[in-house]
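Trainee: Starting off with a structure, shown below.
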Amino acid sequence: MSAVHPRISVVMPVYNNERYLRTAIESVLSQTFGDFEFIVISESDTSSESRSIIDSYADGRINHVRNESRLGMIESLNVGLKLAKGELIARMDADDVCLPNRFARQLEYLDRHPDVGIVGSSCRIVDDSGSTVSIDTRPGKAVVCRWMSLFGPPLSHPSAMARTQVIRQISGYDPRVICEDYDLWIRALEVTEIENMPEILLVRRVHDKSSTLLQQERVDCTHIGLSQRILASLLKRDIDVETVRMLKGDERGIESGSDAQRITGLLRELFEAFVKRHGVSPSDARMVRAEVAWRMCKLGVSMFKRDPLVGIRILAAGLRFSRFSFPHIARKVVRRMATKRKTKTAIGVLANLTG
């Protein structure tokens, strides 16, 4: 490792993560790419066991920083950002696991894509015992990440590797915002591009002491507020919270067919405003169209259960909205509708729509 300027600075806050901490540290130290510094920030009241685990490693790449007072995760991340000497910053959580080639693959990607300032990856989500719960795959291309950022974080925070200059240009994390990652990505998109790699490079652990789970209600409210702000900016008018929830995919607020058709119309309006504001090329617009169409189709599938006629109309609108992606979206619709009782219905609906 270059003692003065490593390629990568890994930043990991720690607060009483002793159960998973050793596994997390060793997954970083065993990376196939080794030119990094590992900045570990422990809270002032972190358990002695956690600190002992950190200090048990004699690896010179580890810089164990002990907060003198309780700062919280967001401020601890900013401490790490200020200390970082690398040209790239890799996020890491103390209960997650990096796959051995994570740093090598993300570094290679950023070297090949100089216009991309932040790259994430797919993640395997596991529970307390390490059993796989799901696979978290985010949109890959920059234009689709930018579109998806209207509704939520376009990448998984712990999987992110970013150019240090980009993060410093936007002044790092805002400690006033509980959804520090979503806020950071929104601000980063003003100065750079974000993309995701399709391969799984991180194992994310979700358990009853996960910081996100412990603050889920506050996180959800902040997500809504951030989306509300950027959607209103794009539409150039105020937008109410319930409408934002429905646009984000929360169908509980959709009480009638008119609600569903209003959301479908808003998605079209957002698409047109997005393409105009960002000067989206025709080829990139097709990718965004596919995402809009899929949102419409998911809404159509949901409405089909309550009002088949409205559901079919919305499905038709979605499938026609992105004719270039029709076969792919149609297959996804069939999979979504194809429960044991609805397989024939799904195929019948699509046959009528393509008739």
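Chain identifiers are assigned as A, B, and so on, following the order in which chains appear in the structure tokens; residues are numbered from 1 within each chain, and ligands are numbered from 1 in order of appearance.
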Taking the chain letters and numbering used in this document, name the residues of stretch 109-220 of chain A that DSSP puts in alpha helix (DSSP H), as a PDB file with N, CA and C atoms, in the first residue's frame.

Mentor:
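Here's the written file selection.pdb:
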```pdb
ATOM      1  N   TYR A 109     -14.131  -0.816 -12.689  1.00  0.00           N
ATOM      2  CA  TYR A 109     -15.291  -0.182 -13.320  1.00  0.00           C
ATOM      3  C   TYR A 109     -15.118   1.335 -13.376  1.00  0.00           C
ATOM      4  N   LEU A 110     -14.719   1.935 -12.259  1.00  0.00           N
ATOM      5  CA  LEU A 110     -14.549   3.388 -12.228  1.00  0.00           C
ATOM      6  C   LEU A 110     -13.402   3.841 -13.135  1.00  0.00           C
ATOM      7  N   ASP A 111     -12.357   3.040 -13.240  1.00  0.00           N
ATOM      8  CA  ASP A 111     -11.266   3.381 -14.147  1.00  0.00           C
ATOM      9  C   ASP A 111     -11.735   3.370 -15.600  1.00  0.00           C
ATOM     10  N   ARG A 112     -12.670   2.464 -15.920  1.00  0.00           N
ATOM     11  CA  ARG A 112     -13.179   2.353 -17.298  1.00  0.00           C
ATOM     12  C   ARG A 112     -14.291   3.348 -17.602  1.00  0.00           C
ATOM     13  N   ALA A 142     -26.668   4.846 -15.976  1.00  0.00           N
ATOM     14  CA  ALA A 142     -26.752   6.139 -15.295  1.00  0.00           C
ATOM     15  C   ALA A 142     -28.120   6.783 -15.439  1.00  0.00           C
ATOM     16  N   VAL A 143     -28.685   6.761 -16.646  1.00  0.00           N
ATOM     17  CA  VAL A 143     -29.954   7.455 -16.857  1.00  0.00           C
ATOM     18  C   VAL A 143     -31.078   6.805 -16.059  1.00  0.00           C
ATOM     19  N   VAL A 144     -31.018   5.479 -15.919  1.00  0.00           N
ATOM     20  CA  VAL A 144     -32.062   4.775 -15.162  1.00  0.00           C
ATOM     21  C   VAL A 144     -31.869   5.004 -13.665  1.00  0.00           C
ATOM     22  N   CYS A 145     -30.622   5.057 -13.207  1.00  0.00           N
ATOM     23  CA  CYS A 145     -30.356   5.403 -11.809  1.00  0.00           C
ATOM     24  C   CYS A 145     -30.880   6.796 -11.492  1.00  0.00           C
ATOM     25  N   ARG A 146     -30.692   7.720 -12.417  1.00  0.00           N
ATOM     26  CA  ARG A 146     -31.165   9.090 -12.213  1.00  0.00           C
ATOM     27  C   ARG A 146     -32.695   9.107 -12.133  1.00  0.00           C
ATOM     28  N   TRP A 147     -33.354   8.355 -13.007  1.00  0.00           N
ATOM     29  CA  TRP A 147     -34.819   8.266 -12.974  1.00  0.00           C
ATOM     30  C   TRP A 147     -35.291   7.626 -11.668  1.00  0.00           C
ATOM     31  N   MET A 148     -34.664   6.533 -11.270  1.00  0.00           N
ATOM     32  CA  MET A 148     -35.084   5.817 -10.064  1.00  0.00           C
ATOM     33  C   MET A 148     -34.840   6.648  -8.812  1.00  0.00           C
ATOM     34  N   THR A 164     -13.475  10.315  -4.223  1.00  0.00           N
ATOM     35  CA  THR A 164     -13.374  11.172  -3.038  1.00  0.00           C
ATOM     36  C   THR A 164     -13.683  12.622  -3.372  1.00  0.00           C
ATOM     37  N   GLN A 165     -13.180  13.093  -4.511  1.00  0.00           N
ATOM     38  CA  GLN A 165     -13.397  14.497  -4.871  1.00  0.00           C
ATOM     39  C   GLN A 165     -14.878  14.807  -5.065  1.00  0.00           C
ATOM     40  N   VAL A 166     -15.648  13.845  -5.542  1.00  0.00           N
ATOM     41  CA  VAL A 166     -17.083  14.049  -5.733  1.00  0.00           C
ATOM     42  C   VAL A 166     -17.770  14.221  -4.377  1.00  0.00           C
ATOM     43  N   ILE A 167     -17.458  13.342  -3.433  1.00  0.00           N
ATOM     44  CA  ILE A 167     -18.095  13.398  -2.120  1.00  0.00           C
ATOM     45  C   ILE A 167     -17.706  14.684  -1.385  1.00  0.00           C
ATOM     46  N   ARG A 168     -16.470  15.086  -1.519  1.00  0.00           N
ATOM     47  CA  ARG A 168     -16.044  16.332  -0.871  1.00  0.00           C
ATOM     48  C   ARG A 168     -16.634  17.554  -1.567  1.00  0.00           C
ATOM     49  N   GLN A 169     -16.832  17.479  -2.867  1.00  0.00           N
ATOM     50  CA  GLN A 169     -17.423  18.594  -3.604  1.00  0.00           C
ATOM     51  C   GLN A 169     -18.824  18.921  -3.105  1.00  0.00           C
ATOM     52  N   GLU A 180     -29.261   9.476   5.226  1.00  0.00           N
ATOM     53  CA  GLU A 180     -28.047  10.144   4.768  1.00  0.00           C
ATOM     54  C   GLU A 180     -27.628   9.696   3.377  1.00  0.00           C
ATOM     55  N   ASP A 181     -27.920   8.447   3.025  1.00  0.00           N
ATOM     56  CA  ASP A 181     -27.494   7.958   1.721  1.00  0.00           C
ATOM     57  C   ASP A 181     -28.341   8.542   0.598  1.00  0.00           C
ATOM     58  N   TYR A 182     -29.667   8.504   0.737  1.00  0.00           N
ATOM     59  CA  TYR A 182     -30.555   9.026  -0.305  1.00  0.00           C
ATOM     60  C   TYR A 182     -30.280  10.502  -0.553  1.00  0.00           C
ATOM     61  N   ASP A 183     -30.124  11.257   0.525  1.00  0.00           N
ATOM     62  CA  ASP A 183     -29.806  12.681   0.397  1.00  0.00           C
ATOM     63  C   ASP A 183     -28.477  12.881  -0.317  1.00  0.00           C
ATOM     64  N   LEU A 184     -27.481  12.046   0.013  1.00  0.00           N
ATOM     65  CA  LEU A 184     -26.163  12.159  -0.617  1.00  0.00           C
ATOM     66  C   LEU A 184     -26.259  11.879  -2.109  1.00  0.00           C
ATOM     67  N   TRP A 185     -27.012  10.840  -2.480  1.00  0.00           N
ATOM     68  CA  TRP A 185     -27.115  10.481  -3.912  1.00  0.00           C
ATOM     69  C   TRP A 185     -27.823  11.588  -4.693  1.00  0.00           C
ATOM     70  N   ILE A 186     -28.859  12.182  -4.117  1.00  0.00           N
ATOM     71  CA  ILE A 186     -29.576  13.266  -4.797  1.00  0.00           C
ATOM     72  C   ILE A 186     -28.625  14.429  -5.081  1.00  0.00           C
ATOM     73  N   ARG A 187     -27.820  14.791  -4.067  1.00  0.00           N
ATOM     74  CA  ARG A 187     -26.886  15.896  -4.258  1.00  0.00           C
ATOM     75  C   ARG A 187     -25.756  15.520  -5.205  1.00  0.00           C
ATOM     76  N   ALA A 188     -25.313  14.270  -5.142  1.00  0.00           N
ATOM     77  CA  ALA A 188     -24.236  13.809  -6.035  1.00  0.00           C
ATOM     78  C   ALA A 188     -24.667  13.852  -7.496  1.00  0.00           C
ATOM     79  N   SER A 211     -29.358  -0.649  12.074  1.00  0.00           N
ATOM     80  CA  SER A 211     -29.729   0.746  12.312  1.00  0.00           C
ATOM     81  C   SER A 211     -30.952   1.146  11.492  1.00  0.00           C
ATOM     82  N   THR A 212     -31.067   0.628  10.275  1.00  0.00           N
ATOM     83  CA  THR A 212     -32.218   0.977   9.430  1.00  0.00           C
ATOM     84  C   THR A 212     -33.501   0.428  10.010  1.00  0.00           C
ATOM     85  N   LEU A 213     -33.459  -0.809  10.485  1.00  0.00           N
ATOM     86  CA  LEU A 213     -34.663  -1.409  11.055  1.00  0.00           C
ATOM     87  C   LEU A 213     -35.084  -0.682  12.328  1.00  0.00           C
ATOM     88  N   LEU A 214     -34.103  -0.277  13.145  1.00  0.00           N
ATOM     89  CA  LEU A 214     -34.418   0.384  14.407  1.00  0.00           C
ATOM     90  C   LEU A 214     -35.094   1.738  14.180  1.00  0.00           C
ATOM     91  N   GLN A 216     -36.927   2.530  11.226  1.00  0.00           N
ATOM     92  CA  GLN A 216     -37.614   2.362   9.959  1.00  0.00           C
ATOM     93  C   GLN A 216     -38.689   3.419   9.705  1.00  0.00           C
ATOM     94  N   GLU A 217     -39.470   3.742  10.716  1.00  0.00           N
ATOM     95  CA  GLU A 217     -40.552   4.704  10.517  1.00  0.00           C
ATOM     96  C   GLU A 217     -40.002   6.079  10.151  1.00  0.00           C
ATOM     97  N   ARG A 218     -38.958   6.518  10.857  1.00  0.00           N
ATOM     98  CA  ARG A 218     -38.352   7.813  10.549  1.00  0.00           C
ATOM     99  C   ARG A 218     -37.697   7.792   9.171  1.00  0.00           C
ATOM    100  N   VAL A 219     -37.076   6.672   8.820  1.00  0.00           N
ATOM    101  CA  VAL A 219     -36.450   6.530   7.503  1.00  0.00           C
ATOM    102  C   VAL A 219     -37.499   6.662   6.404  1.00  0.00           C
ATOM    103  N   ASP A 220     -38.637   5.964   6.579  1.00  0.00           N
ATOM    104  CA  ASP A 220     -39.700   6.013   5.568  1.00  0.00           C
ATOM    105  C   ASP A 220     -40.215   7.436   5.378  1.00  0.00           C
TER     106      ASP A 220
END
```

Trainee: Can you tell me, as a list of chain:residue names, what residues are no more than 12 Å from A:Gly225 when counting only C-alpha atoms, ignoring any on the same chain fewer than 3 positions away?

Mentor: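 So the residues in contact are A:Leu150, A:Phe151, A:Gly152, A:Val177, A:Ile178, A:Cys179, A:Tyr182, A:Asp183, A:Arg218, A:Val219, A:Asp220, A:Cys221, A:Thr222, A:Gln228, A:Arg229, A:Ile230, A:Leu231, A:Ala232, A:Ile239, A:Asp240, A:Val241, A:Glu242, A:Thr243, A:Val244, A:Arg245, A:Lys248.
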
Trainee: I need the chosen residues saved as a JSON list (two decimals), in the first residue's frame, with N, CA and C atoms.

Mentor:
```json
[["chain", "number", "residue", "atom", "x", "y", "z"],
["A", 150, "LEU", "N", -35.77, 9.49, -8.31],
["A", 150, "LEU", "CA", -36.99, 10.26, -8.02],
["A", 150, "LEU", "C", -37.82, 9.58, -6.93],
["A", 151, "PHE", "N", -37.67, 8.27, -6.80],
["A", 151, "PHE", "CA", -38.55, 7.49, -5.93],
["A", 151, "PHE", "C", -37.83, 6.86, -4.74],
["A", 152, "GLY", "N", -36.50, 6.84, -4.76],
["A", 152, "GLY", "CA", -35.77, 6.22, -3.66],
["A", 152, "GLY", "C", -34.29, 6.13, -3.99],
["A", 177, "VAL", "N", -30.10, 14.92, 8.19],
["A", 177, "VAL", "CA", -31.00, 14.05, 7.43],
["A", 177, "VAL", "C", -30.77, 12.61, 7.84],
["A", 178, "ILE", "N", -31.82, 11.93, 8.29],
["A", 178, "ILE", "CA", -31.66, 10.56, 8.76],
["A", 178, "ILE", "C", -31.35, 9.60, 7.60],
["A", 179, "CYS", "N", -31.93, 9.87, 6.42],
["A", 179, "CYS", "CA", -31.63, 9.05, 5.23],
["A", 179, "CYS", "C", -30.39, 9.63, 4.56],
["A", 182, "TYR", "N", -29.67, 8.50, 0.74],
["A", 182, "TYR", "CA", -30.55, 9.03, -0.31],
["A", 182, "TYR", "C", -30.28, 10.50, -0.55],
["A", 183, "ASP", "N", -30.12, 11.26, 0.52],
["A", 183, "ASP", "CA", -29.81, 12.68, 0.40],
["A", 183, "ASP", "C", -28.48, 12.88, -0.32],
["A", 218, "ARG", "N", -38.96, 6.52, 10.86],
["A", 218, "ARG", "CA", -38.35, 7.81, 10.55],
["A", 218, "ARG", "C", -37.70, 7.79, 9.17],
["A", 219, "VAL", "N", -37.08, 6.67, 8.82],
["A", 219, "VAL", "CA", -36.45, 6.53, 7.50],
["A", 219, "VAL", "C", -37.50, 6.66, 6.40],
["A", 220, "ASP", "N", -38.64, 5.96, 6.58],
["A", 220, "ASP", "CA", -39.70, 6.01, 5.57],
["A", 220, "ASP", "C", -40.22, 7.44, 5.38],
["A", 221, "CYS", "N", -40.42, 8.14, 6.48],
["A", 221, "CYS", "CA", -40.94, 9.52, 6.40],
["A", 221, "CYS", "C", -39.95, 10.43, 5.69],
["A", 222, "THR", "N", -38.65, 10.25, 5.97],
["A", 222, "THR", "CA", -37.64, 11.09, 5.33],
["A", 222, "THR", "C", -37.53, 10.76, 3.85],
["A", 228, "GLN", "N", -40.63, 13.82, -2.34],
["A", 228, "GLN", "CA", -41.61, 14.90, -2.55],
["A", 228, "GLN", "C", -40.91, 16.15, -3.09],
["A", 229, "ARG", "N", -39.74, 16.45, -2.53],
["A", 229, "ARG", "CA", -39.02, 17.65, -2.95],
["A", 229, "ARG", "C", -38.55, 17.57, -4.40],
["A", 230, "ILE", "N", -37.97, 16.44, -4.80],
["A", 230, "ILE", "CA", -37.43, 16.36, -6.16],
["A", 230, "ILE", "C", -38.53, 16.14, -7.20],
["A", 231, "LEU", "N", -39.61, 15.47, -6.81],
["A", 231, "LEU", "CA", -40.74, 15.32, -7.74],
["A", 231, "LEU", "C", -41.41, 16.67, -7.98],
["A", 232, "ALA", "N", -41.59, 17.44, -6.93],
["A", 232, "ALA", "CA", -42.19, 18.77, -7.07],
["A", 232, "ALA", "C", -41.32, 19.67, -7.94],
["A", 239, "ILE", "N", -46.73, 18.71, -4.68],
["A", 239, "ILE", "CA", -47.29, 17.37, -4.79],
["A", 239, "ILE", "C", -47.50, 16.83, -3.38],
["A", 240, "ASP", "N", -48.67, 16.28, -3.10],
["A", 240, "ASP", "CA", -48.99, 15.88, -1.74],
["A", 240, "ASP", "C", -48.34, 14.55, -1.38],
["A", 241, "VAL", "N", -48.24, 14.31, -0.09],
["A", 241, "VAL", "CA", -47.53, 13.14, 0.43],
["A", 241, "VAL", "C", -48.16, 11.83, -0.05],
["A", 242, "GLU", "N", -49.49, 11.75, -0.05],
["A", 242, "GLU", "CA", -50.14, 10.51, -0.46],
["A", 242, "GLU", "C", -49.86, 10.19, -1.93],
["A", 243, "THR", "N", -49.82, 11.22, -2.76],
["A", 243, "THR", "CA", -49.49, 11.00, -4.17],
["A", 243, "THR", "C", -48.05, 10.51, -4.32],
["A", 244, "VAL", "N", -47.15, 11.07, -3.52],
["A", 244, "VAL", "CA", -45.75, 10.62, -3.55],
["A", 244, "VAL", "C", -45.68, 9.15, -3.16],
["A", 245, "ARG", "N", -46.40, 8.77, -2.12],
["A", 245, "ARG", "CA", -46.40, 7.37, -1.69],
["A", 245, "ARG", "C", -46.85, 6.45, -2.83],
["A", 248, "LYS", "N", -44.28, 6.12, -5.52],
["A", 248, "LYS", "CA", -43.17, 5.27, -5.07],
["A", 248, "LYS", "C", -43.54, 3.80, -5.05]]
```

Trainee: Could you check how far atom CA of A:Leu83 sits from atom CA of A:Val65, in Å to one decimal?

Mentor: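 Computing it gives 9.7 Å between the two atoms.
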
Trainee: Smallest atom-to-atom distance to A:Lys276: which of A:Leu235, A:Val310, A:Met246, A:Leu319, using only C-alpha atoms?

Mentor: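 Using only C-alpha atoms, A:Lys276 sits closest to A:Leu235.
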
Trainee: Go through A:Val40, A:Phe321, A:Ala94, A:Asp59 one by one, measure the shortest atom-to-atom distance of each to A:Arg22 using only C-alpha atoms, and give the residue with the smallest value.

Mentor: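 Looking only at the distances to A:Arg22, the closest residue turns out to be A:Ala94.
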
Trainee: Smallest atom-to-atom distance to A:Ile125: which of A:Leu202, A:Ala316, A:Ala260, A:Met303, using only C-alpha atoms?

Mentor: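 Of A:Leu202, A:Ala316, A:Ala260, A:Met303, the one nearest A:Ile125 is A:Leu202, counting only C-alpha atoms.
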
Trainee: Closest to A:Phe36 among A:Val280, A:Met197, A:Ala90, A:Ala273, using only C-alpha atoms?

Mentor: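 Of A:Val280, A:Met197, A:Ala90, A:Ala273, the one nearest A:Phe36, counting only C-alpha atoms, is A:Ala90.
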
Trainee: When you count only C-alpha atoms, which of these residues is closest to A:Lys305: A:Leu107, A:Arg320, A:Gly257, A:Gly72?

Mentor: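 So, comparing all the options, the nearest one is A:Gly257.
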
Trainee: Hey, can you check how far atom CA of A:Ser76 sits from atom CA of A:Ser44?

Mentor: 10.7 Å

Trainee: Ranking A:Glu68, A:Ser256, A:His157, A:Ala162 by minimum distance to A:Pro114 and counting only C-alpha atoms, which one comes first?

Mentor: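 Answer, going by the shortest atom-to-atom distance: A:Ala162.
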
Trainee: Where does DSSP see strand (DSSP E) in stretch 19-108 of chain A, if you list the residues as a ChimeraX atom specification?

Mentor: /A:36-42,62-66,88-91,97-98

Trainee: Keeping only N, CA and C atoms, write the selected residues as a short mmCIF file (atom, residue, chain, number, x, y, z; two decimals), in the first residue's frame.

Mentor:
```
data_model
loop_
_atom_site.label_atom_id
_atom_site.label_comp_id
_atom_site.auth_asym_id
_atom_site.auth_seq_id
_atom_site.Cartn_x
_atom_site.Cartn_y
_atom_site.Cartn_z
N PHE A 36 -5.21 -0.13 -0.05
CA PHE A 36 -6.25 0.66 0.61
C PHE A 36 -5.85 0.94 2.06
N GLU A 37 -6.48 1.97 2.61
CA GLU A 37 -6.43 2.20 4.05
C GLU A 37 -7.82 1.88 4.59
N PHE A 38 -7.88 1.42 5.82
CA PHE A 38 -9.14 0.96 6.41
C PHE A 38 -9.41 1.81 7.65
N ILE A 39 -10.26 2.81 7.47
CA ILE A 39 -10.57 3.74 8.56
C ILE A 39 -11.78 3.22 9.32
N VAL A 40 -11.55 2.79 10.55
CA VAL A 40 -12.60 2.24 11.41
C VAL A 40 -12.89 3.24 12.51
N ILE A 41 -14.11 3.76 12.54
CA ILE A 41 -14.46 4.80 13.52
C ILE A 41 -15.37 4.19 14.58
N SER A 42 -14.88 4.08 15.81
CA SER A 42 -15.70 3.53 16.89
C SER A 42 -16.24 4.65 17.76
N ILE A 62 -5.08 -0.64 8.88
CA ILE A 62 -6.18 -0.24 9.76
C ILE A 62 -5.82 1.02 10.53
N ASN A 63 -6.71 1.99 10.46
CA ASN A 63 -6.60 3.21 11.26
C ASN A 63 -7.83 3.26 12.16
N HIS A 64 -7.64 2.89 13.43
CA HIS A 64 -8.76 2.85 14.37
C HIS A 64 -8.91 4.23 15.01
N VAL A 65 -10.02 4.89 14.69
CA VAL A 65 -10.30 6.23 15.22
C VAL A 65 -11.36 6.11 16.29
N ARG A 66 -11.07 6.60 17.49
CA ARG A 66 -12.01 6.53 18.61
C ARG A 66 -12.66 7.90 18.82
N LEU A 88 -10.42 7.12 -3.95
CA LEU A 88 -11.75 6.52 -3.93
C LEU A 88 -12.13 6.18 -2.49
N ILE A 89 -13.43 6.22 -2.20
CA ILE A 89 -13.93 5.88 -0.88
C ILE A 89 -14.89 4.71 -1.02
N ALA A 90 -14.65 3.66 -0.25
CA ALA A 90 -15.55 2.51 -0.22
C ALA A 90 -16.28 2.48 1.11
N ARG A 91 -17.60 2.40 1.05
CA ARG A 91 -18.41 2.29 2.27
C ARG A 91 -18.43 0.85 2.73
N VAL A 97 -20.49 -8.12 4.73
CA VAL A 97 -19.34 -8.90 4.25
C VAL A 97 -19.04 -8.52 2.81
N CYS A 98 -17.81 -8.10 2.54
CA CYS A 98 -17.38 -7.85 1.16
C CYS A 98 -16.97 -9.17 0.52
#
```
